[in-house]
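One file, structure-v2.txt, carrying compact mmCIF, C-alpha atoms:
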# COMPACT_ATOMS: atom_id res chain seq x y z
CA MET A 1 -39.33 -111.06 46.66
CA LYS A 2 -40.72 -109.11 43.71
CA SER A 3 -44.03 -108.49 45.50
CA LYS A 4 -42.18 -107.13 48.55
CA VAL A 5 -40.20 -104.69 46.37
CA THR A 6 -43.45 -103.57 44.75
CA LYS A 7 -45.07 -103.02 48.14
CA TYR A 8 -42.09 -100.99 49.39
CA PHE A 9 -42.10 -98.96 46.19
CA VAL A 10 -45.85 -98.22 46.48
CA PHE A 11 -45.39 -97.37 50.16
CA LEU A 12 -42.54 -95.00 49.30
CA ILE A 13 -44.61 -93.26 46.63
CA LEU A 14 -47.55 -92.86 49.04
CA LEU A 15 -45.21 -91.52 51.72
CA VAL A 16 -43.74 -88.95 49.32
CA ILE A 17 -47.23 -87.91 48.17
CA THR A 18 -48.41 -87.56 51.78
CA ILE A 19 -45.39 -85.49 52.80
CA ALA A 20 -45.71 -83.30 49.70
CA GLY A 21 -49.45 -82.87 50.35
CA LEU A 22 -48.90 -81.86 53.97
CA TYR A 23 -46.16 -79.47 52.92
CA TYR A 24 -48.42 -77.91 50.27
CA LEU A 25 -51.36 -77.50 52.68
CA ASN A 26 -49.15 -75.54 55.05
CA LEU A 27 -47.99 -73.11 52.38
CA SER A 28 -49.29 -69.55 52.24
CA ASN A 29 -51.81 -68.61 49.56
CA ARG A 30 -48.99 -66.92 47.64
CA HIS A 31 -46.71 -69.95 47.66
CA LYS A 32 -49.56 -72.30 46.75
CA ALA A 33 -50.13 -70.14 43.67
CA ILE A 34 -46.44 -70.43 42.75
CA VAL A 35 -46.56 -74.24 43.00
CA LYS A 36 -49.81 -74.55 41.04
CA THR A 37 -48.65 -72.19 38.29
CA TYR A 38 -45.31 -73.96 37.94
CA LEU A 39 -46.88 -77.42 37.72
CA SER A 40 -49.67 -76.38 35.35
CA HIS A 41 -47.10 -74.87 32.97
CA LYS A 42 -44.52 -77.62 33.34
CA LEU A 43 -47.06 -80.41 32.81
CA GLY A 44 -48.74 -78.60 29.91
CA PHE A 45 -52.18 -78.36 31.52
CA VAL A 46 -52.47 -74.76 30.24
CA ASP A 47 -50.72 -72.68 27.60
CA ASN A 48 -47.16 -72.12 28.83
CA THR A 49 -45.82 -70.11 25.88
CA TRP A 50 -45.02 -66.41 25.51
CA ASN A 51 -46.30 -64.56 22.46
CA ILE A 52 -43.76 -61.80 21.78
CA THR A 53 -44.02 -59.38 18.86
CA SER A 54 -41.44 -56.68 18.11
CA LYS A 55 -42.27 -53.73 15.88
CA ASP A 56 -40.40 -50.57 14.86
CA HIS A 57 -41.62 -48.59 17.87
CA SER A 58 -42.95 -51.12 20.37
CA ILE A 59 -42.74 -54.61 21.75
CA SER A 60 -45.75 -56.67 22.86
CA LEU A 61 -45.39 -59.53 25.33
CA ILE A 62 -48.41 -61.77 25.94
CA THR A 63 -47.99 -64.08 28.91
CA PRO A 64 -48.71 -67.76 29.32
CA THR A 65 -52.06 -68.65 30.88
CA MET A 66 -52.52 -67.89 34.57
CA VAL A 67 -55.32 -69.73 36.37
CA ILE A 68 -57.27 -67.86 39.05
CA ASP A 69 -58.92 -70.36 41.39
CA ASN A 70 -59.10 -68.40 44.62
CA ILE A 71 -59.23 -64.96 46.17
CA TYR A 72 -55.77 -63.52 45.64
CA LYS A 73 -54.90 -60.28 47.38
CA SER A 74 -51.89 -58.20 46.43
CA MET A 75 -48.64 -60.18 46.12
CA GLU A 76 -50.51 -63.51 46.30
CA GLY A 77 -51.75 -64.36 42.79
CA PRO A 78 -50.23 -66.50 40.05
CA GLN A 79 -47.33 -64.76 38.33
CA VAL A 80 -44.93 -65.30 35.44
CA ILE A 81 -41.48 -63.91 34.72
CA LYS A 82 -39.58 -63.38 31.49
CA PRO A 83 -36.18 -61.97 30.55
CA PHE A 84 -36.38 -60.23 27.16
CA GLN A 85 -34.79 -57.76 24.76
CA LEU A 86 -36.44 -55.10 22.63
CA ASN A 87 -34.71 -56.53 19.56
CA SER A 88 -32.01 -59.15 20.00
CA LYS A 89 -30.93 -58.93 16.34
CA LYS A 90 -29.71 -55.34 16.59
CA SER A 91 -27.64 -53.18 18.92
CA ASP A 92 -29.31 -49.83 18.30
CA LEU A 93 -29.74 -47.17 20.97
CA LEU A 94 -33.47 -46.75 21.67
CA TRP A 95 -35.54 -44.62 24.04
CA ILE A 96 -38.31 -46.25 26.07
CA THR A 97 -41.18 -43.76 26.29
CA SER A 98 -44.39 -45.60 27.29
CA PHE A 99 -45.75 -48.54 29.26
CA GLU A 100 -49.03 -50.45 29.19
CA THR A 101 -50.37 -53.62 30.76
CA LYS A 102 -53.84 -55.09 30.38
CA ALA A 103 -55.71 -58.29 31.13
CA ILE A 104 -56.92 -60.33 28.17
CA ASN A 105 -58.80 -63.59 27.73
CA ASN A 106 -57.11 -66.93 27.20
CA ASN A 107 -57.69 -66.76 23.43
CA GLU A 108 -55.78 -63.45 23.26
CA ASP A 109 -58.57 -61.81 21.25
CA SER A 110 -60.42 -59.72 23.83
CA ASP A 111 -59.66 -57.40 26.72
CA ILE A 112 -61.11 -58.26 30.12
CA SER A 113 -61.23 -56.40 33.42
CA ASN A 114 -57.93 -54.97 34.63
CA ASP A 115 -59.09 -55.92 38.12
CA PHE A 116 -57.05 -59.07 37.46
CA ILE A 117 -53.77 -57.14 37.32
CA CYS A 118 -51.85 -56.89 40.56
CA HIS A 119 -48.68 -55.38 39.16
CA THR A 120 -46.36 -55.57 36.17
CA ASN A 121 -42.71 -54.83 36.90
CA ILE A 122 -40.07 -53.95 34.32
CA ASP A 123 -36.51 -54.27 35.62
CA PHE A 124 -33.13 -53.73 34.01
CA TYR A 125 -29.81 -55.35 34.80
CA ASP A 126 -27.85 -52.53 36.39
CA SER A 127 -24.44 -54.14 35.90
CA GLU A 128 -25.08 -54.42 32.16
CA HIS A 129 -26.91 -51.10 31.76
CA TYR A 130 -24.59 -48.88 33.78
CA GLY A 131 -21.48 -50.86 32.86
CA ARG A 132 -22.17 -50.17 29.20
CA TRP A 133 -22.07 -46.44 29.90
CA GLY A 134 -19.13 -46.47 32.31
CA LEU A 135 -21.38 -45.61 35.29
CA ASN A 136 -20.09 -48.42 37.48
CA HIS A 137 -20.54 -46.42 40.68
CA ARG A 138 -24.31 -46.80 40.25
CA ILE A 139 -24.25 -50.59 40.19
CA GLY A 140 -25.95 -51.95 43.31
CA SER A 141 -26.84 -48.49 44.61
CA GLN A 142 -30.58 -49.19 44.39
CA TYR A 143 -32.96 -51.84 43.11
CA PRO A 144 -32.85 -51.62 39.28
CA ARG A 145 -36.57 -51.30 38.65
CA LEU A 146 -37.51 -49.25 35.62
CA THR A 147 -41.19 -49.04 36.49
CA THR A 148 -44.31 -50.74 37.78
CA MET A 149 -47.76 -50.71 36.22
CA THR A 150 -50.43 -51.58 38.69
CA SER A 151 -54.15 -51.79 39.41
CA GLY A 152 -55.71 -48.39 38.74
CA ILE A 153 -52.75 -47.07 36.75
CA GLU A 154 -52.13 -49.57 33.96
CA ASN A 155 -50.58 -47.29 31.33
CA TYR A 156 -48.65 -44.04 31.04
CA ARG A 157 -46.29 -42.19 28.76
CA LEU A 158 -43.25 -40.09 29.56
CA PRO A 159 -43.49 -36.38 28.69
CA LYS A 160 -42.52 -35.46 25.14
CA GLY A 161 -38.76 -35.37 24.66
CA PHE A 162 -37.94 -37.69 27.59
CA GLY A 163 -37.08 -41.37 27.62
CA PHE A 164 -35.05 -44.16 29.19
CA PRO A 165 -32.08 -45.01 26.93
CA VAL A 166 -31.43 -48.71 26.31
CA PHE A 167 -29.77 -50.68 23.57
CA SER A 168 -32.08 -52.92 21.58
CA ASN A 169 -30.17 -56.07 22.63
CA GLU A 170 -29.92 -55.03 26.27
CA ASN A 171 -31.45 -57.49 28.73
CA LEU A 172 -34.63 -56.49 30.54
CA PHE A 173 -36.78 -58.47 32.96
CA LEU A 174 -40.56 -58.70 33.24
CA THR A 175 -42.63 -59.93 36.18
CA THR A 176 -46.41 -59.75 36.05
CA GLN A 177 -48.86 -61.00 38.69
CA THR A 178 -52.60 -61.55 38.84
CA LEU A 179 -55.09 -60.25 41.39
CA ASN A 180 -58.59 -61.30 42.42
CA HIS A 181 -60.32 -59.50 45.27
CA ASN A 182 -63.92 -60.42 44.55
CA ILE A 183 -64.72 -63.51 42.43
CA VAL A 184 -65.23 -66.88 44.10
CA GLY A 185 -66.35 -70.15 42.54
CA ASP A 186 -65.12 -71.86 39.40
CA ALA A 187 -61.54 -71.29 38.28
CA PHE A 188 -60.93 -69.13 35.22
CA SER A 189 -57.93 -68.21 33.07
CA VAL A 190 -56.37 -64.87 32.21
CA LYS A 191 -53.35 -63.57 30.36
CA HIS A 192 -51.58 -60.23 30.55
CA GLU A 193 -50.50 -58.24 27.52
CA ILE A 194 -47.62 -55.85 28.13
CA ASN A 195 -46.74 -53.18 25.59
CA ILE A 196 -43.57 -51.09 25.82
CA GLY A 197 -43.23 -48.15 23.43
CA TYR A 198 -39.91 -46.74 22.30
CA GLU A 199 -38.37 -44.35 19.80
CA LYS A 200 -35.23 -44.48 17.71
CA HIS A 201 -32.25 -42.54 18.98
CA ASN A 202 -32.63 -38.79 18.75
CA GLU A 203 -29.91 -36.41 19.94
CA ASN A 204 -32.56 -34.06 21.34
CA MET A 205 -33.99 -36.65 23.74
CA LYS A 206 -33.39 -36.13 27.45
CA PRO A 207 -32.61 -39.18 29.60
CA ILE A 208 -34.46 -40.06 32.77
CA MET A 209 -33.56 -42.29 35.68
CA THR A 210 -36.08 -43.93 37.99
CA LYS A 211 -36.15 -43.74 41.76
CA PRO A 212 -38.65 -46.06 43.48
CA VAL A 213 -39.67 -44.69 46.89
CA MET A 214 -42.17 -46.17 49.32
CA ILE A 215 -43.89 -45.93 52.64
CA VAL A 216 -41.97 -48.11 55.08
CA LEU A 217 -42.95 -48.53 58.73
CA PRO A 218 -40.91 -49.86 61.65
CA TYR A 219 -41.61 -53.18 63.34
CA ASP A 220 -40.11 -55.11 66.20
CA SER A 221 -37.73 -57.61 64.59
CA GLU A 222 -37.82 -59.84 67.68
CA ASN A 223 -41.63 -59.87 67.91
CA PRO A 224 -42.74 -58.73 64.45
CA TYR A 225 -46.37 -59.78 64.73
CA ASP A 226 -47.11 -58.03 68.01
CA GLY A 227 -47.92 -54.96 65.94
CA PRO A 228 -48.33 -51.42 67.26
CA THR A 229 -48.64 -51.08 71.03
CA THR A 230 -49.28 -48.24 73.44
CA LYS A 231 -45.54 -48.21 74.13
CA ASN A 232 -44.62 -48.27 70.43
CA PRO A 233 -47.59 -46.76 68.51
CA ASN A 234 -45.51 -46.20 65.37
CA MET A 235 -44.81 -49.90 64.92
CA CYS A 236 -46.62 -51.69 62.10
CA LEU A 237 -47.84 -55.24 61.72
CA PRO A 238 -45.94 -56.60 58.68
CA ILE A 239 -47.64 -59.03 56.32
CA GLU A 240 -44.44 -61.08 56.41
CA THR A 241 -40.78 -60.44 57.20
CA LYS A 242 -39.13 -62.22 54.26
CA ASN A 243 -40.37 -59.90 51.51
CA HIS A 244 -40.55 -56.10 51.48
CA SER A 245 -38.56 -55.95 54.68
CA TYR A 246 -35.70 -53.44 54.93
CA THR A 247 -33.00 -52.28 57.32
CA TYR A 248 -31.64 -48.79 56.87
CA LYS A 249 -28.71 -46.95 58.44
CA ASP A 250 -30.52 -46.64 61.77
CA GLY A 251 -30.51 -50.44 62.13
CA ILE A 252 -34.30 -50.60 62.61
CA SER A 253 -36.41 -53.13 60.70
CA TYR A 254 -39.01 -51.65 58.35
CA SER A 255 -41.80 -53.19 56.29
CA GLY A 256 -43.22 -51.91 53.02
CA HIS A 257 -46.19 -54.32 53.18
CA TRP A 258 -48.23 -54.05 56.33
CA VAL A 259 -51.67 -54.44 57.90
CA ILE A 260 -54.19 -51.62 58.10
CA PHE A 261 -57.04 -51.89 60.59
CA PRO A 262 -60.67 -50.83 60.01
CA GLY A 263 -61.14 -47.06 59.92
CA GLU A 264 -59.07 -44.07 58.84
CA ALA A 265 -55.32 -43.76 59.26
CA ILE A 266 -52.35 -41.63 58.16
CA TYR A 267 -48.84 -43.01 57.56
CA LYS A 268 -45.67 -41.01 56.94
CA THR A 269 -42.16 -41.91 55.81
CA ASP A 270 -39.10 -39.74 55.24
CA ILE A 271 -37.81 -40.80 51.79
CA THR A 272 -34.74 -38.55 51.61
CA GLU A 273 -32.42 -41.54 51.96
CA GLN A 274 -34.41 -43.52 49.40
CA LEU A 275 -34.19 -40.72 46.82
CA GLN A 276 -30.38 -40.47 47.08
CA LEU A 277 -30.25 -37.07 45.37
CA SER A 278 -26.59 -36.20 44.77
CA GLU A 279 -27.47 -32.99 42.92
CA ASN A 280 -30.45 -30.81 42.07
CA THR A 281 -32.67 -32.16 39.32
CA THR A 282 -36.20 -32.12 37.92
CA LEU A 283 -38.97 -34.70 38.33
CA HIS A 284 -41.02 -35.40 35.19
CA LEU A 285 -43.30 -38.35 35.95
CA ILE A 286 -44.66 -40.05 39.06
CA ALA A 287 -46.37 -43.44 38.71
CA THR A 288 -48.07 -44.48 41.94
CA HIS A 289 -48.66 -47.96 43.33
CA LEU A 290 -51.42 -48.28 45.94
CA HIS A 291 -53.67 -50.94 47.41
CA PRO A 292 -57.43 -50.83 47.93
CA PHE A 293 -58.65 -48.60 50.77
CA SER A 294 -56.01 -45.99 49.95
CA GLU A 295 -57.31 -42.45 49.51
CA THR A 296 -54.28 -40.27 48.75
CA LEU A 297 -50.50 -40.54 48.61
CA SER A 298 -48.75 -37.18 48.86
CA PHE A 299 -45.17 -36.31 47.93
CA ARG A 300 -43.94 -33.49 50.17
CA ASP A 301 -40.89 -31.26 50.49
CA LYS A 302 -40.37 -31.22 54.26
CA THR A 303 -37.73 -28.49 54.09
CA ILE A 304 -40.15 -25.88 52.77
CA ASP A 305 -43.30 -27.59 54.15
CA SER A 306 -44.86 -27.93 50.71
CA THR A 307 -46.91 -30.65 49.02
CA LEU A 308 -45.49 -31.21 45.54
CA PHE A 309 -48.00 -33.76 44.24
CA VAL A 310 -51.02 -35.67 45.52
CA SER A 311 -51.95 -38.97 43.89
CA LYS A 312 -55.65 -39.71 44.40
CA ALA A 313 -57.10 -43.21 44.50
CA LYS A 314 -60.68 -43.93 43.43
CA ASN A 315 -61.97 -47.09 45.10
CA TYR A 316 -64.88 -49.10 43.73
CA ILE A 317 -68.11 -48.65 45.66
CA ASN A 318 -69.65 -52.10 45.25
CA LYS A 319 -66.50 -54.25 45.37
CA ILE A 320 -62.91 -54.23 46.56
CA GLY A 321 -60.42 -52.68 44.18
CA LEU A 322 -59.02 -49.50 42.69
CA GLU A 323 -60.83 -48.02 39.72
CA GLU A 324 -58.27 -45.29 39.09
CA VAL A 325 -55.07 -43.84 40.54
CA THR A 326 -53.86 -40.46 39.32
CA TYR A 327 -50.27 -39.76 38.28
CA PHE A 328 -48.07 -36.76 37.46
CA SER A 329 -46.46 -36.00 34.10
CA GLY A 330 -44.88 -32.76 32.93
CA GLU A 331 -42.22 -31.51 30.51
CA LYS A 332 -41.25 -28.64 32.81
CA GLY A 333 -41.14 -30.94 35.81
CA ILE A 334 -40.86 -30.36 39.54
CA GLU A 335 -37.62 -28.95 40.96
CA LEU A 336 -35.92 -31.25 43.50
CA TYR A 337 -32.95 -30.23 45.64
CA SER A 338 -30.18 -32.41 47.04
CA ASP A 339 -30.14 -30.52 50.36
CA HIS A 340 -33.91 -30.81 50.97
CA LYS A 341 -35.76 -33.50 52.89
CA TYR A 342 -38.74 -35.28 51.35
CA GLU A 343 -41.53 -37.50 52.61
CA LEU A 344 -44.54 -39.55 51.55
CA VAL A 345 -47.85 -39.20 53.39
CA LEU A 346 -50.51 -41.88 52.91
CA LYS A 347 -54.15 -41.55 53.90
CA THR A 348 -56.25 -44.72 54.09
CA ASN A 349 -59.84 -45.53 54.99
CA ASN A 350 -60.48 -49.22 55.56
CA THR A 351 -64.24 -49.36 55.16
CA SER A 352 -64.36 -53.13 55.56
CA ASN A 353 -64.79 -54.71 58.96
CA ILE A 354 -61.59 -56.74 58.72
CA ASN A 355 -57.88 -56.03 58.51
CA GLN A 356 -56.50 -55.38 55.03
CA ASP A 357 -53.01 -55.23 53.55
CA MET A 358 -51.34 -52.06 52.29
CA MET A 359 -48.45 -50.90 50.15
CA ALA A 360 -47.78 -47.38 48.89
CA SER A 361 -44.97 -46.38 46.56
CA MET A 362 -44.08 -43.91 43.84
CA PHE A 363 -41.86 -44.52 40.83
CA MET A 364 -40.18 -41.21 40.14
CA PHE A 365 -38.73 -40.42 36.73
CA LEU A 366 -35.97 -37.81 37.14
CA TYR A 367 -33.87 -35.98 34.58
CA ASP A 368 -30.50 -37.78 34.47
CA LYS A 369 -27.81 -35.14 34.00
CA GLU A 370 -24.93 -37.59 34.36
CA MET A 371 -26.34 -39.87 31.67
CA ASP A 372 -26.94 -36.84 29.47
CA GLU A 373 -23.21 -36.08 29.55
CA LYS A 374 -22.49 -39.66 28.50
CA LEU A 375 -24.97 -39.34 25.64
CA LYS A 376 -23.35 -36.15 24.35
CA ARG A 377 -20.08 -38.03 24.01
CA TYR A 378 -21.91 -40.99 22.45
CA ASN A 379 -23.44 -38.66 19.87
CA GLN A 380 -19.99 -37.40 18.94
CA LYS A 381 -18.44 -40.88 18.82
CA PRO A 382 -21.17 -43.52 18.30
CA ASP A 383 -18.75 -46.39 18.96
CA GLU A 384 -17.80 -45.15 22.43
CA THR A 385 -20.16 -45.02 25.42
CA SER A 386 -17.70 -44.46 28.25
For the structure just supplied, provide its representation as structure tokens.
Amino acid sequence: MKSKVTKYFVFLILLVITIAGLYYLNLSNRHKAIVKTYLSHKLGFVDNTWNITSKDHSISLITPTMVIDNIYKSMEGPQVIKPFQLNSKKSDLLWITSFETKAINNNEDSDISNDFICHTNIDFYDSEHYGRWGLNHRIGSQYPRLTTMTSGIENYRLPKGFGFPVFSNENLFLTTQTLNHNIVGDAFSVKHEINIGYEKHNENMKPIMTKPVMIVLPYDSENPYDGPTTKNPNMCLPIETKNHSYTYKDGISYSGHWVIFPGEAIYKTDITEQLQLSENTTLHLIATHLHPFSETLSFRDKTIDSTLFVSKAKNYINKIGLEEVTYFSGEKGIELYSDHKYELVLKTNNTSNINQDMMASMFMFLYDKEMDEKLKRYNQKPDETS
């Protein structure tokens, strides 16, 4: 009887392993990376700890180890996530002013190529952030992303006198993902070091808000992978329909992550609805996120037919990747008007002989007049924020 139970138990284990193996083999490259990273951290095969150091004017977050064992295009590589606070022991008002991400070795004592950075996202919790200031009408109005640092633009600083106001014990959220376009062979390990700079509260500081805008292209929701046709040349071929897929007021499905074919191409998107400008304001920083084979991403005022800023991408010559992506920063800023229409225009040149993936977005840092009014009252009565 005991031998039969043992046999059934062994059979059950083998069956579970077989089913799990078949399930794993059918996963996408991205989801395989998620499984491998989770197991390697959970089982202690690699360093699974965060090294976080808070100083008077900055916080440094060094990630657990991420193992690169394959070619990982954008949105595919191992990633880690971490909720955090600038300083959980205090409740001081601070101003975030700078962002940096870089790739380092597993020993945390040397920088390595930033080619292994896909993106680093910093998000805030809009219900907590806006609720604290009595700006409840903003909650859920847009995705609460503070910024993204990405391949080719790994660090930037807000213009002097501008910042994003947060309390030191306010909850923030970090997601950082690896990238590997070129190296095949033996697996290797990397970590990311993220540095966020901030200043103590100063009544002369001007608050900014962020508006993420992106190129989105329509696709046929019933046959999404048919791609553009002669009948519908504006349709795109989405990478997938579960992520970076959107439906706007027109009811049409759009993708912000799509396929580009060999050769040159131009893509345009009206971003007026994405900007949601309720009043005139000024734009003080633009941080651009692009993929390899991008050439330029232009921000245009359609109403006056004027190009306001062109972000230029410098691609590597001897390998796939972005060496540099330019960004805009200015104290005077760019005037934006609530009754104007705006668009993004992307130029690409896929010099490879195969299809590639593409994303193109800008993180716009705008002067926040409404928050400024709240801050004036906060300065008069430090215990009241609403």
Q. Got a sec: who's within 10 Å of His201 of chain A, counting all atoms listed in the file, leaving out chain neighbours fewer than 6 positions off, as a list in words?
A. Asp92, Leu93, Leu94, Trp95, Gly163, Pro165, Val166, Phe167 and Asn379 of chain A
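Pairwise distance (atom CA of Asn105 of chain A, atom CA of Glu199 of chain A) equals 29.2 Å.
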Q: Using atom CA of Phe164 of chain A and atom CA of Lys206 of chain A as the two end points, give the distance in Å to one decimal.
A: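 Going from atom CA of Phe164 of chain A over to atom CA of Lys206 of chain A, I get 8.4 Å.
For the choices A:Thr63, A:Asn355, A:Thr120, A:Ser110, the atom-to-atom distance to Ile260 of chain A is smallest for A:Asn355 when using all atoms listed in the file.
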Q | Best match for closeness to Thr288 of chain A among A:Ser255, A:Asn318, A:Ser361, A:Ser338, counting only C-alpha atoms | A |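 Nearest candidate to Thr288 of chain A out of A:Ser255, A:Asn318, A:Ser361, A:Ser338: A:Ser361.
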Q. Around (-49.5, -73.5, 27.6) in the file's frame, which residues reach within 12 Å when counting only C-alpha atoms? Return as a PyMOL selection string?
A. chain A and resi 37-51+62-67+106-107+189-191
Distance cut-off 10 Å, centre (-41.9, -58.7, 64.7) in file coordinates, counting only C-alpha atoms: which residues qualify? Return them as a PDB file with C-alpha atoms, keeping the file's coordinate frame.
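out_22.pdb, freshly written:
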ATOM      1  CA  PRO A 218     -40.910 -49.860  61.650  1.00  0.00           C
ATOM      2  CA  TYR A 219     -41.610 -53.180  63.340  1.00  0.00           C
ATOM      3  CA  ASP A 220     -40.110 -55.110  66.200  1.00  0.00           C
ATOM      4  CA  SER A 221     -37.730 -57.610  64.590  1.00  0.00           C
ATOM      5  CA  GLU A 222     -37.820 -59.840  67.680  1.00  0.00           C
ATOM      6  CA  ASN A 223     -41.630 -59.870  67.910  1.00  0.00           C
ATOM      7  CA  PRO A 224     -42.740 -58.730  64.450  1.00  0.00           C
ATOM      8  CA  TYR A 225     -46.370 -59.780  64.730  1.00  0.00           C
ATOM      9  CA  ASP A 226     -47.110 -58.030  68.010  1.00  0.00           C
ATOM     10  CA  GLY A 227     -47.920 -54.960  65.940  1.00  0.00           C
ATOM     11  CA  MET A 235     -44.810 -49.900  64.920  1.00  0.00           C
ATOM     12  CA  CYS A 236     -46.620 -51.690  62.100  1.00  0.00           C
ATOM     13  CA  LEU A 237     -47.840 -55.240  61.720  1.00  0.00           C
ATOM     14  CA  PRO A 238     -45.940 -56.600  58.680  1.00  0.00           C
ATOM     15  CA  GLU A 240     -44.440 -61.080  56.410  1.00  0.00           C
ATOM     16  CA  THR A 241     -40.780 -60.440  57.200  1.00  0.00           C
ATOM     17  CA  SER A 253     -36.410 -53.130  60.700  1.00  0.00           C
ATOM     18  CA  TYR A 254     -39.010 -51.650  58.350  1.00  0.00           C
TER      19      TYR A 254
END
Q) Between A:Trp258, A:Tyr198, A:Tyr156, A:Tyr367, which is the closest to His284 of chain A once you count only C-alpha atoms? A)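 Selected residue with least distance to His284 of chain A: A:Tyr367.
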Q | Distance in Å - atom CA of Gly333 of chain A versus atom CA of Tyr143 of chain A | A |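 Interatomic distance here is 23.6 Å.
Residue nearest Leu344 of chain A, chosen from A:Leu366, A:Val325, A:Ile215, A:Met358 and counting all atoms listed in the file: A:Ile215.
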Q: Identify which of the residues A:Phe173, A:Tyr316, A:Tyr246, A:Phe299 lies closest to Thr272 of chain A, counting only C-alpha atoms when measuring atom-to-atom distances.
A: A:Phe299
Close residues, Leu336 of chain A itself excluded, 12 Å, all atoms listed in the file, min 3 positions apart in chain, as a JSON list (two decimals) with C-alpha atoms, in the frame of the given file:
[["chain", "number", "residue", "atom", "x", "y", "z"],
["A", 272, "THR", "CA", -34.74, -38.55, 51.61],
["A", 275, "LEU", "CA", -34.19, -40.72, 46.82],
["A", 276, "GLN", "CA", -30.38, -40.47, 47.08],
["A", 277, "LEU", "CA", -30.25, -37.07, 45.37],
["A", 278, "SER", "CA", -26.59, -36.20, 44.77],
["A", 279, "GLU", "CA", -27.47, -32.99, 42.92],
["A", 280, "ASN", "CA", -30.45, -30.81, 42.07],
["A", 281, "THR", "CA", -32.67, -32.16, 39.32],
["A", 282, "THR", "CA", -36.20, -32.12, 37.92],
["A", 283, "LEU", "CA", -38.97, -34.70, 38.33],
["A", 284, "HIS", "CA", -41.02, -35.40, 35.19],
["A", 299, "PHE", "CA", -45.17, -36.31, 47.93],
["A", 300, "ARG", "CA", -43.94, -33.49, 50.17],
["A", 301, "ASP", "CA", -40.89, -31.26, 50.49],
["A", 302, "LYS", "CA", -40.37, -31.22, 54.26],
["A", 303, "THR", "CA", -37.73, -28.49, 54.09],
["A", 304, "ILE", "CA", -40.15, -25.88, 52.77],
["A", 306, "SER", "CA", -44.86, -27.93, 50.71],
["A", 308, "LEU", "CA", -45.49, -31.21, 45.54],
["A", 333, "GLY", "CA", -41.14, -30.94, 35.81],
["A", 339, "ASP", "CA", -30.14, -30.52, 50.36],
["A", 340, "HIS", "CA", -33.91, -30.81, 50.97],
["A", 341, "LYS", "CA", -35.76, -33.50, 52.89],
["A", 342, "TYR", "CA", -38.74, -35.28, 51.35],
["A", 364, "MET", "CA", -40.18, -41.21, 40.14],
["A", 365, "PHE", "CA", -38.73, -40.42, 36.73],
["A", 366, "LEU", "CA", -35.97, -37.81, 37.14],
["A", 367, "TYR", "CA", -33.87, -35.98, 34.58]]
For Ile81 of chain A, find every residue with an atom within 8 Å (counting all atoms listed in the file), except residues of its own chain fewer than 2 positions away, and show them as a PDB file with C-alpha atoms, in the coordinates of the input.
ATOM      1  CA  GLN A  79     -47.330 -64.760  38.330  1.00  0.00           C
ATOM      2  CA  PRO A  83     -36.180 -61.970  30.550  1.00  0.00           C
ATOM      3  CA  PHE A 173     -36.780 -58.470  32.960  1.00  0.00           C
ATOM      4  CA  LEU A 174     -40.560 -58.700  33.240  1.00  0.00           C
ATOM      5  CA  THR A 175     -42.630 -59.930  36.180  1.00  0.00           C
ATOM      6  CA  THR A 176     -46.410 -59.750  36.050  1.00  0.00           C
TER       7      THR A 176
END
Q.
Could you list, as a ChimeraX atom specification, every residue within 12 Å of Ser352 of chain A, counting only C-alpha atoms and ignoring same-chain residues fewer than 4 positions away?
A. /A:260-264,292-293,317-320,348,356-357
